[in-house]
Structure formats: C-alpha cells, structure tokens
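Coordinates as given in coords_28.cif (mmCIF, C-alpha atoms and all ligand atoms):
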data_work
loop_
_atom_site.group_PDB
_atom_site.id
_atom_site.type_symbol
_atom_site.label_atom_id
_atom_site.label_comp_id
_atom_site.auth_asym_id
_atom_site.auth_seq_id
_atom_site.Cartn_x
_atom_site.Cartn_y
_atom_site.Cartn_z
ATOM 1 C CA MET T 1 0.000 0.000 0.000
ATOM 2 C CA LYS T 2 1.185 3.533 -0.786
ATOM 3 C CA ARG T 3 2.315 5.505 2.283
ATOM 4 C CA LEU T 4 0.880 8.901 3.181
ATOM 5 C CA VAL T 5 3.559 11.567 2.817
ATOM 6 C CA THR T 6 2.821 14.818 4.633
ATOM 7 C CA VAL T 7 4.813 18.045 4.629
ATOM 8 C CA VAL T 8 4.603 20.022 7.892
ATOM 9 C CA THR T 9 6.043 23.528 7.693
ATOM 10 C CA GLY T 10 7.483 24.872 10.944
ATOM 11 C CA GLY T 11 7.759 21.303 12.204
ATOM 12 C CA SER T 12 10.740 21.908 14.476
ATOM 13 C CA ARG T 13 8.860 23.372 17.458
ATOM 14 C CA GLY T 14 5.524 23.884 19.158
ATOM 15 C CA ILE T 15 2.335 22.976 17.304
ATOM 16 C CA GLY T 16 4.257 21.859 14.193
ATOM 17 C CA ALA T 17 6.465 19.447 16.156
ATOM 18 C CA ALA T 18 3.453 17.975 17.990
ATOM 19 C CA THR T 19 1.731 17.579 14.618
ATOM 20 C CA CYS T 20 4.704 15.711 13.128
ATOM 21 C CA ARG T 21 4.740 13.284 16.068
ATOM 22 C CA ARG T 22 0.969 12.777 15.972
ATOM 23 C CA LEU T 23 0.850 12.222 12.191
ATOM 24 C CA ALA T 24 3.620 9.624 12.491
ATOM 25 C CA GLU T 25 1.462 7.711 14.995
ATOM 26 C CA ASP T 26 -1.394 7.926 12.465
ATOM 27 C CA GLY T 27 0.736 6.329 9.729
ATOM 28 C CA HIS T 28 2.108 9.336 7.837
ATOM 29 C CA ASP T 29 5.667 9.657 6.670
ATOM 30 C CA VAL T 30 6.600 13.216 7.622
ATOM 31 C CA VAL T 31 8.664 15.972 6.060
ATOM 32 C CA VAL T 32 9.781 18.264 8.891
ATOM 33 C CA GLY T 33 10.133 21.772 7.470
ATOM 34 C CA TYR T 34 12.048 24.285 9.557
ATOM 35 C CA LEU T 35 13.800 27.619 9.254
ATOM 36 C CA ARG T 36 16.671 27.912 11.750
ATOM 37 C CA ASP T 37 16.901 25.136 14.278
ATOM 38 C CA ALA T 38 18.288 22.060 12.464
ATOM 39 C CA ASP T 39 18.921 20.183 15.737
ATOM 40 C CA ALA T 40 15.333 20.643 16.909
ATOM 41 C CA ALA T 41 14.044 19.531 13.507
ATOM 42 C CA GLU T 42 16.258 16.425 13.592
ATOM 43 C CA ASP T 43 14.961 15.579 17.106
ATOM 44 C CA VAL T 44 11.403 15.707 15.747
ATOM 45 C CA ALA T 45 12.382 13.555 12.749
ATOM 46 C CA GLU T 46 13.910 11.007 15.166
ATOM 47 C CA ALA T 47 10.665 10.888 17.152
ATOM 48 C CA VAL T 48 8.782 10.274 13.896
ATOM 49 C CA ARG T 49 11.132 7.406 13.046
ATOM 50 C CA ARG T 50 10.729 5.919 16.527
ATOM 51 C CA ALA T 51 6.974 5.832 15.812
ATOM 52 C CA GLY T 52 7.716 3.649 12.783
ATOM 53 C CA ALA T 53 7.376 6.257 10.032
ATOM 54 C CA ARG T 54 9.924 7.674 7.633
ATOM 55 C CA SER T 55 11.064 11.277 8.010
ATOM 56 C CA VAL T 56 13.294 13.877 6.432
ATOM 57 C CA CYS T 57 14.123 17.428 7.580
ATOM 58 C CA VAL T 58 14.262 20.269 5.051
ATOM 59 C CA ARG T 59 15.374 23.803 5.819
ATOM 60 C CA ALA T 60 12.980 26.030 3.874
ATOM 61 C CA ASP T 61 11.761 29.582 4.369
ATOM 62 C CA THR T 62 8.137 29.229 3.294
ATOM 63 C CA SER T 63 8.035 32.845 2.099
ATOM 64 C CA VAL T 64 10.700 32.107 -0.561
ATOM 65 C CA GLU T 65 9.481 30.370 -3.709
ATOM 66 C CA ALA T 66 12.776 28.572 -4.406
ATOM 67 C CA ASP T 67 12.816 27.192 -0.848
ATOM 68 C CA VAL T 68 9.261 25.911 -1.236
ATOM 69 C CA GLU T 69 10.227 24.236 -4.512
ATOM 70 C CA ARG T 70 13.139 22.544 -2.769
ATOM 71 C CA LEU T 71 10.978 21.509 0.195
ATOM 72 C CA PHE T 72 8.616 19.612 -2.093
ATOM 73 C CA ALA T 73 11.360 18.332 -4.410
ATOM 74 C CA VAL T 74 13.304 16.779 -1.511
ATOM 75 C CA ALA T 75 10.084 15.386 -0.052
ATOM 76 C CA GLU T 76 9.141 13.724 -3.326
ATOM 77 C CA LYS T 77 12.647 12.434 -3.997
ATOM 78 C CA GLN T 78 13.190 10.950 -0.540
ATOM 79 C CA LEU T 79 9.711 9.894 0.571
ATOM 80 C CA GLY T 80 7.543 9.790 -2.565
ATOM 81 C CA PRO T 81 4.519 11.735 -3.845
ATOM 82 C CA VAL T 82 3.272 14.309 -1.327
ATOM 83 C CA THR T 83 -0.273 13.460 -0.191
ATOM 84 C CA GLY T 84 -0.684 16.036 2.579
ATOM 85 C CA LEU T 85 0.397 19.527 3.616
ATOM 86 C CA VAL T 86 0.126 21.242 6.991
ATOM 87 C CA ASN T 87 0.753 24.976 6.583
ATOM 88 C CA ASN T 88 1.895 25.610 10.133
ATOM 89 C CA ALA T 89 4.907 27.980 9.880
ATOM 90 C CA GLY T 90 3.949 31.359 11.279
ATOM 91 C CA VAL T 91 5.237 34.405 13.137
ATOM 92 C CA THR T 92 3.544 37.080 15.247
ATOM 93 C CA GLY T 93 6.225 39.764 15.268
ATOM 94 C CA PRO T 94 6.542 42.028 18.307
ATOM 95 C CA PHE T 95 3.397 42.875 20.275
ATOM 96 C CA GLY T 96 1.981 46.387 20.187
ATOM 97 C CA ARG T 97 -0.310 48.867 18.479
ATOM 98 C CA LEU T 98 -0.256 49.062 14.698
ATOM 99 C CA ALA T 99 0.710 52.754 14.829
ATOM 100 C CA ASP T 100 3.922 51.822 16.654
ATOM 101 C CA SER T 101 4.861 48.870 14.453
ATOM 102 C CA ASP T 102 7.896 48.619 12.195
ATOM 103 C CA PRO T 103 7.003 48.267 8.484
ATOM 104 C CA ALA T 104 9.750 45.624 8.126
ATOM 105 C CA ASP T 105 7.949 43.505 10.766
ATOM 106 C CA LEU T 106 4.613 43.997 8.981
ATOM 107 C CA ARG T 107 6.134 42.844 5.701
ATOM 108 C CA ARG T 108 7.706 39.779 7.308
ATOM 109 C CA ILE T 109 4.459 38.762 9.018
ATOM 110 C CA VAL T 110 2.495 39.023 5.767
ATOM 111 C CA GLU T 111 5.223 37.200 3.860
ATOM 112 C CA VAL T 112 5.492 34.249 6.250
ATOM 113 C CA ASN T 113 1.858 33.853 7.347
ATOM 114 C CA LEU T 114 0.100 34.638 4.079
ATOM 115 C CA LEU T 115 2.526 34.438 1.146
ATOM 116 C CA GLY T 116 4.209 31.353 2.656
ATOM 117 C CA THR T 117 0.853 29.610 2.996
ATOM 118 C CA LEU T 118 -0.052 30.592 -0.571
ATOM 119 C CA LEU T 119 3.252 29.363 -2.034
ATOM 120 C CA CYS T 120 3.130 26.009 -0.230
ATOM 121 C CA SER T 121 -0.558 25.514 -1.075
ATOM 122 C CA ARG T 122 0.138 26.378 -4.716
ATOM 123 C CA ARG T 123 2.927 23.817 -4.922
ATOM 124 C CA ALA T 124 0.865 21.146 -3.177
ATOM 125 C CA ALA T 125 -2.186 21.852 -5.356
ATOM 126 C CA ARG T 126 -0.121 21.169 -8.471
ATOM 127 C CA VAL T 127 0.926 17.669 -7.444
ATOM 128 C CA MET T 128 -2.362 16.821 -5.767
ATOM 129 C CA THR T 129 -4.524 17.975 -8.689
ATOM 130 C CA ALA T 130 -2.474 15.874 -11.097
ATOM 131 C CA ARG T 131 -3.097 12.835 -8.877
ATOM 132 C CA GLY T 132 -6.730 13.574 -8.010
ATOM 133 C CA ASN T 133 -6.423 13.510 -4.212
ATOM 134 C CA GLY T 134 -4.758 15.238 -1.281
ATOM 135 C CA VAL T 135 -5.378 17.061 1.987
ATOM 136 C CA ILE T 136 -4.268 20.501 3.142
ATOM 137 C CA VAL T 137 -4.657 21.880 6.668
ATOM 138 C CA ASN T 138 -3.824 25.502 7.389
ATOM 139 C CA VAL T 139 -2.958 26.700 10.881
ATOM 140 C CA SER T 140 -4.923 29.894 11.341
ATOM 141 C CA SER T 141 -5.621 31.525 14.712
ATOM 142 C CA ALA T 142 -8.531 32.552 16.910
ATOM 143 C CA ALA T 143 -7.025 36.018 16.385
ATOM 144 C CA ALA T 144 -8.592 36.009 12.905
ATOM 145 C CA THR T 145 -12.011 36.557 14.467
ATOM 146 C CA LEU T 146 -10.942 38.301 17.705
ATOM 147 C CA GLY T 147 -8.951 40.997 15.882
ATOM 148 C CA SER T 148 -6.309 41.204 18.646
ATOM 149 C CA PRO T 149 -6.416 45.005 19.213
ATOM 150 C CA GLY T 150 -3.330 46.379 20.950
ATOM 151 C CA ASP T 151 -1.465 43.096 20.496
ATOM 152 C CA TYR T 152 -1.140 42.316 16.797
ATOM 153 C CA VAL T 153 -3.957 43.342 14.468
ATOM 154 C CA HIS T 154 -1.517 42.750 11.584
ATOM 155 C CA TYR T 155 -1.059 39.096 12.583
ATOM 156 C CA ALA T 156 -4.835 38.709 13.026
ATOM 157 C CA ALA T 157 -5.347 40.147 9.539
ATOM 158 C CA THR T 158 -2.990 37.592 7.977
ATOM 159 C CA LYS T 159 -4.808 34.764 9.749
ATOM 160 C CA ALA T 160 -8.198 36.063 8.539
ATOM 161 C CA ALA T 161 -6.702 35.937 5.052
ATOM 162 C CA VAL T 162 -5.705 32.315 5.711
ATOM 163 C CA ASP T 163 -9.344 31.579 6.612
ATOM 164 C CA ALA T 164 -10.480 33.136 3.306
ATOM 165 C CA LEU T 165 -7.843 31.121 1.455
ATOM 166 C CA THR T 166 -9.072 27.956 3.165
ATOM 167 C CA LEU T 167 -12.635 28.562 1.990
ATOM 168 C CA GLY T 168 -11.737 29.593 -1.549
ATOM 169 C CA LEU T 169 -9.171 26.886 -2.156
ATOM 170 C CA ALA T 170 -11.519 24.224 -0.766
ATOM 171 C CA LYS T 171 -14.101 25.256 -3.377
ATOM 172 C CA GLU T 172 -11.478 25.482 -6.118
ATOM 173 C CA LEU T 173 -9.927 22.073 -5.404
ATOM 174 C CA GLY T 174 -12.962 20.120 -4.184
ATOM 175 C CA PRO T 175 -13.794 18.880 -7.706
ATOM 176 C CA ASP T 176 -10.200 17.581 -7.931
ATOM 177 C CA GLY T 177 -10.667 15.419 -4.833
ATOM 178 C CA ILE T 178 -8.593 17.676 -2.566
ATOM 179 C CA ARG T 179 -9.827 18.798 0.870
ATOM 180 C CA VAL T 180 -8.658 22.092 2.405
ATOM 181 C CA ASN T 181 -9.405 22.979 6.037
ATOM 182 C CA ALA T 182 -7.945 25.019 8.873
ATOM 183 C CA VAL T 183 -7.578 24.920 12.618
ATOM 184 C CA ALA T 184 -7.783 28.128 14.643
ATOM 185 C CA PRO T 185 -5.890 27.689 17.913
ATOM 186 C CA GLY T 186 -6.415 30.037 20.840
ATOM 187 C CA VAL T 187 -3.588 30.640 23.320
ATOM 188 C CA ILE T 188 -1.298 27.610 23.114
ATOM 189 C CA ASP T 189 1.734 27.070 25.324
ATOM 190 C CA THR T 190 4.647 27.295 22.851
ATOM 191 C CA GLU T 191 7.773 29.406 22.393
ATOM 192 C CA ILE T 192 5.958 31.794 20.043
ATOM 193 C CA HIS T 193 4.988 34.035 22.982
ATOM 194 C CA ALA T 194 8.536 34.385 24.358
ATOM 195 C CA ARG T 195 9.844 35.045 20.862
ATOM 196 C CA SER T 196 7.400 37.913 20.437
ATOM 197 C CA GLY T 197 8.438 39.398 23.779
ATOM 198 C CA ASP T 198 5.649 38.114 26.076
ATOM 199 C CA PRO T 199 6.718 34.807 27.675
ATOM 200 C CA ASP T 200 4.040 34.978 30.406
ATOM 201 C CA ARG T 201 1.147 35.391 27.962
ATOM 202 C CA PRO T 202 -0.303 31.853 28.298
ATOM 203 C CA GLU T 203 -0.325 32.085 32.104
ATOM 204 C CA ARG T 204 -1.607 35.671 32.167
ATOM 205 C CA LEU T 205 -4.493 35.064 29.769
ATOM 206 C CA ALA T 206 -5.616 31.791 31.386
ATOM 207 C CA ALA T 207 -8.260 33.524 33.518
ATOM 208 C CA SER T 208 -9.886 35.036 30.394
ATOM 209 C CA ILE T 209 -10.210 31.647 28.685
ATOM 210 C CA PRO T 210 -13.478 29.778 29.417
ATOM 211 C CA LEU T 211 -11.557 26.534 30.067
ATOM 212 C CA ARG T 212 -9.246 28.602 32.338
ATOM 213 C CA ARG T 213 -5.956 27.459 30.847
ATOM 214 C CA ALA T 214 -3.788 27.729 27.772
ATOM 215 C CA GLY T 215 -3.906 24.815 25.341
ATOM 216 C CA ARG T 216 -1.166 22.289 24.673
ATOM 217 C CA PRO T 217 0.369 21.796 21.214
ATOM 218 C CA GLU T 218 -0.845 18.170 21.252
ATOM 219 C CA GLU T 219 -4.457 19.369 21.582
ATOM 220 C CA VAL T 220 -4.121 21.324 18.344
ATOM 221 C CA ALA T 221 -2.246 18.476 16.665
ATOM 222 C CA ALA T 222 -5.201 16.176 17.410
ATOM 223 C CA ALA T 223 -7.565 18.453 15.466
ATOM 224 C CA ILE T 224 -5.080 18.721 12.595
ATOM 225 C CA ALA T 225 -4.701 14.941 12.535
ATOM 226 C CA TRP T 226 -8.481 14.490 12.380
ATOM 227 C CA LEU T 227 -8.790 16.923 9.452
ATOM 228 C CA MET T 228 -5.945 15.087 7.701
ATOM 229 C CA SER T 229 -7.608 11.709 8.213
ATOM 230 C CA PRO T 230 -10.279 9.842 6.231
ATOM 231 C CA GLU T 231 -12.527 10.343 9.276
ATOM 232 C CA ALA T 232 -12.928 13.916 7.985
ATOM 233 C CA SER T 233 -13.679 12.770 4.432
ATOM 234 C CA TYR T 234 -16.684 15.088 4.025
ATOM 235 C CA ALA T 235 -15.152 18.121 5.763
ATOM 236 C CA THR T 236 -13.699 20.801 3.523
ATOM 237 C CA GLY T 237 -13.584 24.603 3.643
ATOM 238 C CA THR T 238 -14.057 24.624 7.397
ATOM 239 C CA VAL T 239 -12.124 26.224 10.254
ATOM 240 C CA VAL T 240 -12.033 24.156 13.450
ATOM 241 C CA ARG T 241 -11.536 26.380 16.485
ATOM 242 C CA VAL T 242 -9.366 24.888 19.222
ATOM 243 C CA SER T 243 -9.315 27.737 21.693
ATOM 244 C CA GLY T 244 -10.704 26.598 25.047
ATOM 245 C CA GLY T 245 -13.835 28.592 24.239
ATOM 246 C CA ARG T 246 -12.117 31.914 23.591
HETATM 247 P P1 LIG U 1 6.607 28.450 17.337
HETATM 248 O O1 LIG U 1 6.762 27.605 18.549
HETATM 249 O O2 LIG U 1 7.171 29.818 17.340
HETATM 250 O O3 LIG U 1 7.170 27.632 16.071
HETATM 251 C C1 LIG U 1 7.139 28.232 14.825
HETATM 252 C C2 LIG U 1 7.695 27.272 13.810
HETATM 253 O O4 LIG U 1 7.645 27.903 12.530
HETATM 254 C C3 LIG U 1 9.126 26.900 14.051
HETATM 255 O O5 LIG U 1 9.293 25.542 13.689
HETATM 256 C C4 LIG U 1 9.905 27.809 13.099
HETATM 257 O O6 LIG U 1 11.129 27.232 12.649
HETATM 258 C C5 LIG U 1 8.937 27.887 11.951
HETATM 259 N N1 LIG U 1 9.070 29.058 11.092
HETATM 260 C C6 LIG U 1 8.988 30.366 11.427
HETATM 261 N N2 LIG U 1 9.124 31.140 10.342
HETATM 262 C C7 LIG U 1 9.291 30.302 9.294
HETATM 263 C C8 LIG U 1 9.496 30.480 7.913
HETATM 264 N N3 LIG U 1 9.556 31.695 7.354
HETATM 265 N N4 LIG U 1 9.644 29.384 7.125
HETATM 266 C C9 LIG U 1 9.589 28.151 7.659
HETATM 267 N N5 LIG U 1 9.399 27.913 8.969
HETATM 268 C C10 LIG U 1 9.265 28.973 9.767
HETATM 269 O O7 LIG U 1 5.061 28.632 16.952
HETATM 270 P P2 LIG U 1 3.717 27.849 17.379
HETATM 271 O O8 LIG U 1 3.155 28.527 18.556
HETATM 272 O O9 LIG U 1 3.931 26.398 17.397
HETATM 273 O O10 LIG U 1 2.783 28.279 16.141
HETATM 274 C C11 LIG U 1 2.610 27.467 15.013
HETATM 275 C C12 LIG U 1 1.456 28.052 14.217
HETATM 276 O O11 LIG U 1 0.306 28.164 15.049
HETATM 277 C C13 LIG U 1 1.730 29.453 13.666
HETATM 278 O O12 LIG U 1 1.161 29.586 12.388
HETATM 279 C C14 LIG U 1 0.990 30.354 14.658
HETATM 280 O O13 LIG U 1 0.600 31.574 14.072
HETATM 281 C C15 LIG U 1 -0.194 29.474 14.994
HETATM 282 N N6 LIG U 1 -0.839 29.815 16.263
HETATM 283 C C16 LIG U 1 -0.165 29.710 17.436
HETATM 284 C C17 LIG U 1 -0.815 30.037 18.615
HETATM 285 C C18 LIG U 1 -0.138 29.948 19.946
HETATM 286 O O14 LIG U 1 -0.686 30.494 20.937
HETATM 287 N N7 LIG U 1 1.014 29.325 20.064
HETATM 288 C C19 LIG U 1 -2.140 30.475 18.584
HETATM 289 C C20 LIG U 1 -2.793 30.556 17.370
HETATM 290 C C21 LIG U 1 -2.139 30.224 16.209
HETATM 291 P P3 LIG U 1 12.547 27.456 13.434
HETATM 292 O O15 LIG U 1 12.343 27.021 14.851
HETATM 293 O O16 LIG U 1 13.498 26.559 12.709
HETATM 294 O O17 LIG U 1 12.840 28.904 13.343
#
Rewritten as structure tokens:
Amino acid sequence: MKRLVTVVTGGSRGIGAATCRRLAEDGHDVVVGYLRDADAAEDVAEAVRRAGARSVCVRADTSVEADVERLFAVAEKQLGPVTGLVNNAGVTGPFGRLADSDPADLRRIVEVNLLGTLLCSRRAARVMTARGNGVIVNVSSAAATLGSPGDYVHYAATKAAVDALTLGLAKELGPDGIRVNAVAPGVIDTEIHARSGDPDRPERLAASIPLRRAGRPEEVAAAIAWLMSPEASYATGTVVRVSGGR
C-alpha cells in the first residue's frame, strides 16, 4: 500500500512538532520543514522514526518560492509523492499597536503567514490535482475573528486571510478530490509568545479563557490529525476552532 507523505512547515517546534509526532502515529511519513533550528528539527524527525514512520528534515523559508520548490522536491525524492500539507509555519512579530509597528515587521508577518501559505498551497495543489487527491490543513488563529487590538492586528489580519484562502481553495480544489481545512488555535503554550516578547502570555491570559488554561500543542495536533484523516472525508472549507472557548 502507498504511504501517506505529509509536509509540515514549521515542524521543528511547538504545534508543528506535535503535529509531526501525531501524524507519524497515524501512519504518515513526515517531512519536517524548519527555518533555523536544524537540531530541533532532527529531534522531531527522530521521534517520527521511533513511531515507525519515515522522516526527512528540510530547511525552507516558506516565504521564498525557491525554498518551497526545494521543500517539495526533496520530499518527493526521498519519501515519494506528497499526499498532505500542513501549513503551520507562522510568526507574530513584536506585540503592540499598529501605529507603533515597524514596516519591516509587517512585511515579514504578511510574507510568512500569508505568502508562505499561498506558495506552499500552490505547490501542493499542483501535485495533488495531477493525482486527483490530497489534503491541506492551514494553521490559522482565533485572532482572525478576535482581531487582537493592541497586540497584533496585523497578525490577526494575515490569519483572517488564511481563513479566506481555506474557503476559496476548498471550493477550487474540491472537484479535484482535494480537501482544504484550517484549525484556529487560541492561546497555546509554545515558544511563540517568548519570541514575540511576552513569555508569560499563556499564564496571564488563562483567567480570560473559558476553560481557564492555555492549550497544549498536542491538543491542536489532534484536530489537525483528524482533518488530515479519512474520518474527515466530508469536511472541507471549514475552520475548526481549538481555543478553550475563547
Ligand atoms: P513556534 O513555537 O514559534 O514555532 C514556529 C515554527 O515555525 C518553528 O518551527 C519555526 O522554525 C517555523 N518558522 C517560522 N518562520 C518560518 C518560515 N519563514 N519558514 C519556515 N518555517 C518557519 O510557533 P507555534 O506557537 O507552534 O505556532 C505554530 C502556528 O500556530 C503558527 O502559524 C501560529 O501563528 C499558529 N498559532 C499559534 C498560537 C499559539 O498560541 N502558540 C495560537 C494561534 C495560532 P525554526 O524554529 O526553525 O525557526
């Protein structure tokens, strides 16, 4: 039987790493995409192998077309035809009001969160359309519908664009047998908060979350894994919120 081969962008940490491990348990061979931390990516690939799946790490900036080409080319060469894509790589940039933001940060956030998702989806759609099947899951954010005033309206705007992409691409590719969905995590305990200058964010916001705690990466990975699976065979164009009620 042909193996499932799934590319996970930003697979070296946080939600992406948990997704790689979970998909391996579900029988996917996994391409661990990463940007900087080769050691972390290799640790994730090792965990995938320990679960009995094949894995390869590829350094690829998702906002750069040539990198995306290479990501898929290496995947196909080493593991076989790509059957799934999880568009997980994302950045928030520094917290603050839009008026105080640096245009270089705004450009980077749009390039990684939106252009990167578009480029990877475009590349996946080409191979999947030719084959007549495939699954794409985008990692959006609850911010897309909360707006995130004072924190990062720019980030929220890119994630709302990802939701629109999810809907449109699902309709475009449905007749080709390809499903496209998204998950919208709330506050999840990963390094993304420290990297944007607010390490205590998950703890601080817990009281404002109906379930009274931040989520764990594995809880988001479970929703991604369901959308990737045949169990979700009639789900496309939807955004599954995994936000503790926020
Ligand atoms: P994280 O811990 O900061 O990990 C981000 C991952 O993305 C890392 O593997 C990083 O690679 C990779 N990455 C960053 N820029 C990249 C680029 N240009 N090209 C390729 N890879 C890149 O983040 P996370 O919290 O797990 O978030 C994952 C996704 O969930 C993001 O899309 C984020 O917006 C979304 N999300 C997170 C939360 C949350 O509270 N954590 C909430 C809602 C949505 P390196 O480590 O190699 O740099």
Could you tell me which residues the PyMOL selection byres (((chain T and resi 55) around 12) and not hetatm) grabs in this file, written as a PyMOL selection string?
chain T and resi 3-8+11+20-21+23-24+27-33+41-54+56-58+74-76+78-80
Given the choices T:Gly197, T:Pro175, T:Pro202, T:Pro103, which gets closest to ligand LIG 1 (chain U) if the distance is worked out from only C-alpha atoms and all ligand atoms?
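Smallest separation from ligand LIG 1 (chain U) among the options: T:Pro202.
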Env. residues ligand LIG 1 (chain U) / 7 Å / only C-alpha atoms and all ligand atoms / as a PyMOL selection string
chain T and resi 9-16+33-38+60-63+88-92+112-113+139-143+184-193+195+217
File dump, residues just selected, C-alpha atoms, as an mmCIF file, in the frame of the given file:
data_model
loop_
_atom_site.group_PDB
_atom_site.id
_atom_site.type_symbol
_atom_site.label_atom_id
_atom_site.label_comp_id
_atom_site.auth_asym_id
_atom_site.auth_seq_id
_atom_site.Cartn_x
_atom_site.Cartn_y
_atom_site.Cartn_z
ATOM 1 C CA THR T 9 6.043 23.528 7.693
ATOM 2 C CA GLY T 10 7.483 24.872 10.944
ATOM 3 C CA GLY T 11 7.759 21.303 12.204
ATOM 4 C CA SER T 12 10.740 21.908 14.476
ATOM 5 C CA ARG T 13 8.860 23.372 17.458
ATOM 6 C CA GLY T 14 5.524 23.884 19.158
ATOM 7 C CA ILE T 15 2.335 22.976 17.304
ATOM 8 C CA GLY T 16 4.257 21.859 14.193
ATOM 9 C CA GLY T 33 10.133 21.772 7.470
ATOM 10 C CA TYR T 34 12.048 24.285 9.557
ATOM 11 C CA LEU T 35 13.800 27.619 9.254
ATOM 12 C CA ARG T 36 16.671 27.912 11.750
ATOM 13 C CA ASP T 37 16.901 25.136 14.278
ATOM 14 C CA ALA T 38 18.288 22.060 12.464
ATOM 15 C CA ALA T 60 12.980 26.030 3.874
ATOM 16 C CA ASP T 61 11.761 29.582 4.369
ATOM 17 C CA THR T 62 8.137 29.229 3.294
ATOM 18 C CA SER T 63 8.035 32.845 2.099
ATOM 19 C CA ASN T 88 1.895 25.610 10.133
ATOM 20 C CA ALA T 89 4.907 27.980 9.880
ATOM 21 C CA GLY T 90 3.949 31.359 11.279
ATOM 22 C CA VAL T 91 5.237 34.405 13.137
ATOM 23 C CA THR T 92 3.544 37.080 15.247
ATOM 24 C CA VAL T 112 5.492 34.249 6.250
ATOM 25 C CA ASN T 113 1.858 33.853 7.347
ATOM 26 C CA VAL T 139 -2.958 26.700 10.881
ATOM 27 C CA SER T 140 -4.923 29.894 11.341
ATOM 28 C CA SER T 141 -5.621 31.525 14.712
ATOM 29 C CA ALA T 142 -8.531 32.552 16.910
ATOM 30 C CA ALA T 143 -7.025 36.018 16.385
ATOM 31 C CA ALA T 184 -7.783 28.128 14.643
ATOM 32 C CA PRO T 185 -5.890 27.689 17.913
ATOM 33 C CA GLY T 186 -6.415 30.037 20.840
ATOM 34 C CA VAL T 187 -3.588 30.640 23.320
ATOM 35 C CA ILE T 188 -1.298 27.610 23.114
ATOM 36 C CA ASP T 189 1.734 27.070 25.324
ATOM 37 C CA THR T 190 4.647 27.295 22.851
ATOM 38 C CA GLU T 191 7.773 29.406 22.393
ATOM 39 C CA ILE T 192 5.958 31.794 20.043
ATOM 40 C CA HIS T 193 4.988 34.035 22.982
ATOM 41 C CA ARG T 195 9.844 35.045 20.862
ATOM 42 C CA PRO T 217 0.369 21.796 21.214
#
Which of these, T:Arg216, T:Lys77, T:Arg246, T:Arg241, has the shortest distance to T:Asp163 once you count only C-alpha atoms?
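Once distances to T:Asp163 are computed over only C-alpha atoms, the minimum belongs to T:Arg241.
The shell of residues at most 8 Å from T:Arg22, with all atoms listed in the file counted and near chain neighbours (fewer than 4 positions) removed, consists of T:Ala18, T:Asp26, T:Glu218, T:Ala221, T:Ala222, T:Ala225.
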Report as number ranges by chain the full result of the PyMOL selection byres (((chain T and resi 212) around 12) and not hetatm) when it is applied to this structure.
T: 186-187, 202-211, 213-215, 243-246
Given the file above and the PyMOL selection byres (((chain T and resi 104-110) around 12) and not hetatm), which residues are selected, and can you give them as number ranges by chain?
T: 61-64, 89-103, 111-118, 152-162, 196
Selection to disk with C-alpha atoms, as a short mmCIF file (atom, residue, chain, number, x, y, z; two decimals), keeping the file's coordinate frame:
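File again.cif, as written:
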data_model
loop_
_atom_site.label_atom_id
_atom_site.label_comp_id
_atom_site.auth_asym_id
_atom_site.auth_seq_id
_atom_site.Cartn_x
_atom_site.Cartn_y
_atom_site.Cartn_z
CA ASP T 61 11.76 29.58 4.37
CA THR T 62 8.14 29.23 3.29
CA SER T 63 8.04 32.84 2.10
CA VAL T 64 10.70 32.11 -0.56
CA ALA T 89 4.91 27.98 9.88
CA GLY T 90 3.95 31.36 11.28
CA VAL T 91 5.24 34.40 13.14
CA THR T 92 3.54 37.08 15.25
CA GLY T 93 6.22 39.76 15.27
CA PRO T 94 6.54 42.03 18.31
CA PHE T 95 3.40 42.88 20.27
CA GLY T 96 1.98 46.39 20.19
CA ARG T 97 -0.31 48.87 18.48
CA LEU T 98 -0.26 49.06 14.70
CA ALA T 99 0.71 52.75 14.83
CA ASP T 100 3.92 51.82 16.65
CA SER T 101 4.86 48.87 14.45
CA ASP T 102 7.90 48.62 12.20
CA PRO T 103 7.00 48.27 8.48
CA GLU T 111 5.22 37.20 3.86
CA VAL T 112 5.49 34.25 6.25
CA ASN T 113 1.86 33.85 7.35
CA LEU T 114 0.10 34.64 4.08
CA LEU T 115 2.53 34.44 1.15
CA GLY T 116 4.21 31.35 2.66
CA THR T 117 0.85 29.61 3.00
CA LEU T 118 -0.05 30.59 -0.57
CA TYR T 152 -1.14 42.32 16.80
CA VAL T 153 -3.96 43.34 14.47
CA HIS T 154 -1.52 42.75 11.58
CA TYR T 155 -1.06 39.10 12.58
CA ALA T 156 -4.84 38.71 13.03
CA ALA T 157 -5.35 40.15 9.54
CA THR T 158 -2.99 37.59 7.98
CA LYS T 159 -4.81 34.76 9.75
CA ALA T 160 -8.20 36.06 8.54
CA ALA T 161 -6.70 35.94 5.05
CA VAL T 162 -5.70 32.32 5.71
CA SER T 196 7.40 37.91 20.44
#
Can you tell me how far atom CA of T:Leu119 sits from atom CA of T:Phe72, in Å to one decimal?
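So the two atoms, atom CA of T:Leu119 and atom CA of T:Phe72, lie 11.1 Å apart.
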Atomic distance atom CA of T:Ser233 - atom CA of T:Arg70, expressed in Å with one decimal:
29.4 Å
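Residues in contact range of T:Glu172, defined as at most 12 Å between all atoms listed in the file, with sequence neighbours fewer than 6 positions away removed, read Arg122, Ala125, Thr129, Leu165, Thr166, Ile178, Arg179, Val180, Thr236 and Gly237 of chain T.
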Provide the atom CA of T:Arg131 to atom CA of T:Leu167 distance in Å, to one decimal place.
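Straight-line distance from atom CA of T:Arg131 to atom CA of T:Leu167 works out to 21.4 Å.
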Starting from 8 Å padding per side, set up an axis-aligned box that covers all listed atoms of stretch 129-145 of chain T and hand over centre and edge lengths in Å, one decimal, as lines of an AutoDock Vina configuration file.
center_x = -7.2
center_y = 24.7
center_z = 2.9
size_x = 25.5
size_y = 39.7
size_z = 44.0
So, with only C-alpha atoms as the atoms that count, which of T:Val82, T:Leu227, T:Leu169, T:Ala40 lies closest to T:Asn133?
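Looking only at the distances to T:Asn133, the closest residue turns out to be T:Val82.
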Point out the residue among T:Val220, T:Val135, T:Ala66, T:Val86 with the least atom-to-atom distance to T:Ala235, counting only C-alpha atoms.
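The answer is T:Val135, which sits nearest to T:Ala235.
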Of the residues T:Met228, T:Ala130, T:Val68, T:Leu146, which is the one nearest to T:Leu85, using only C-alpha atoms?
T:Met228
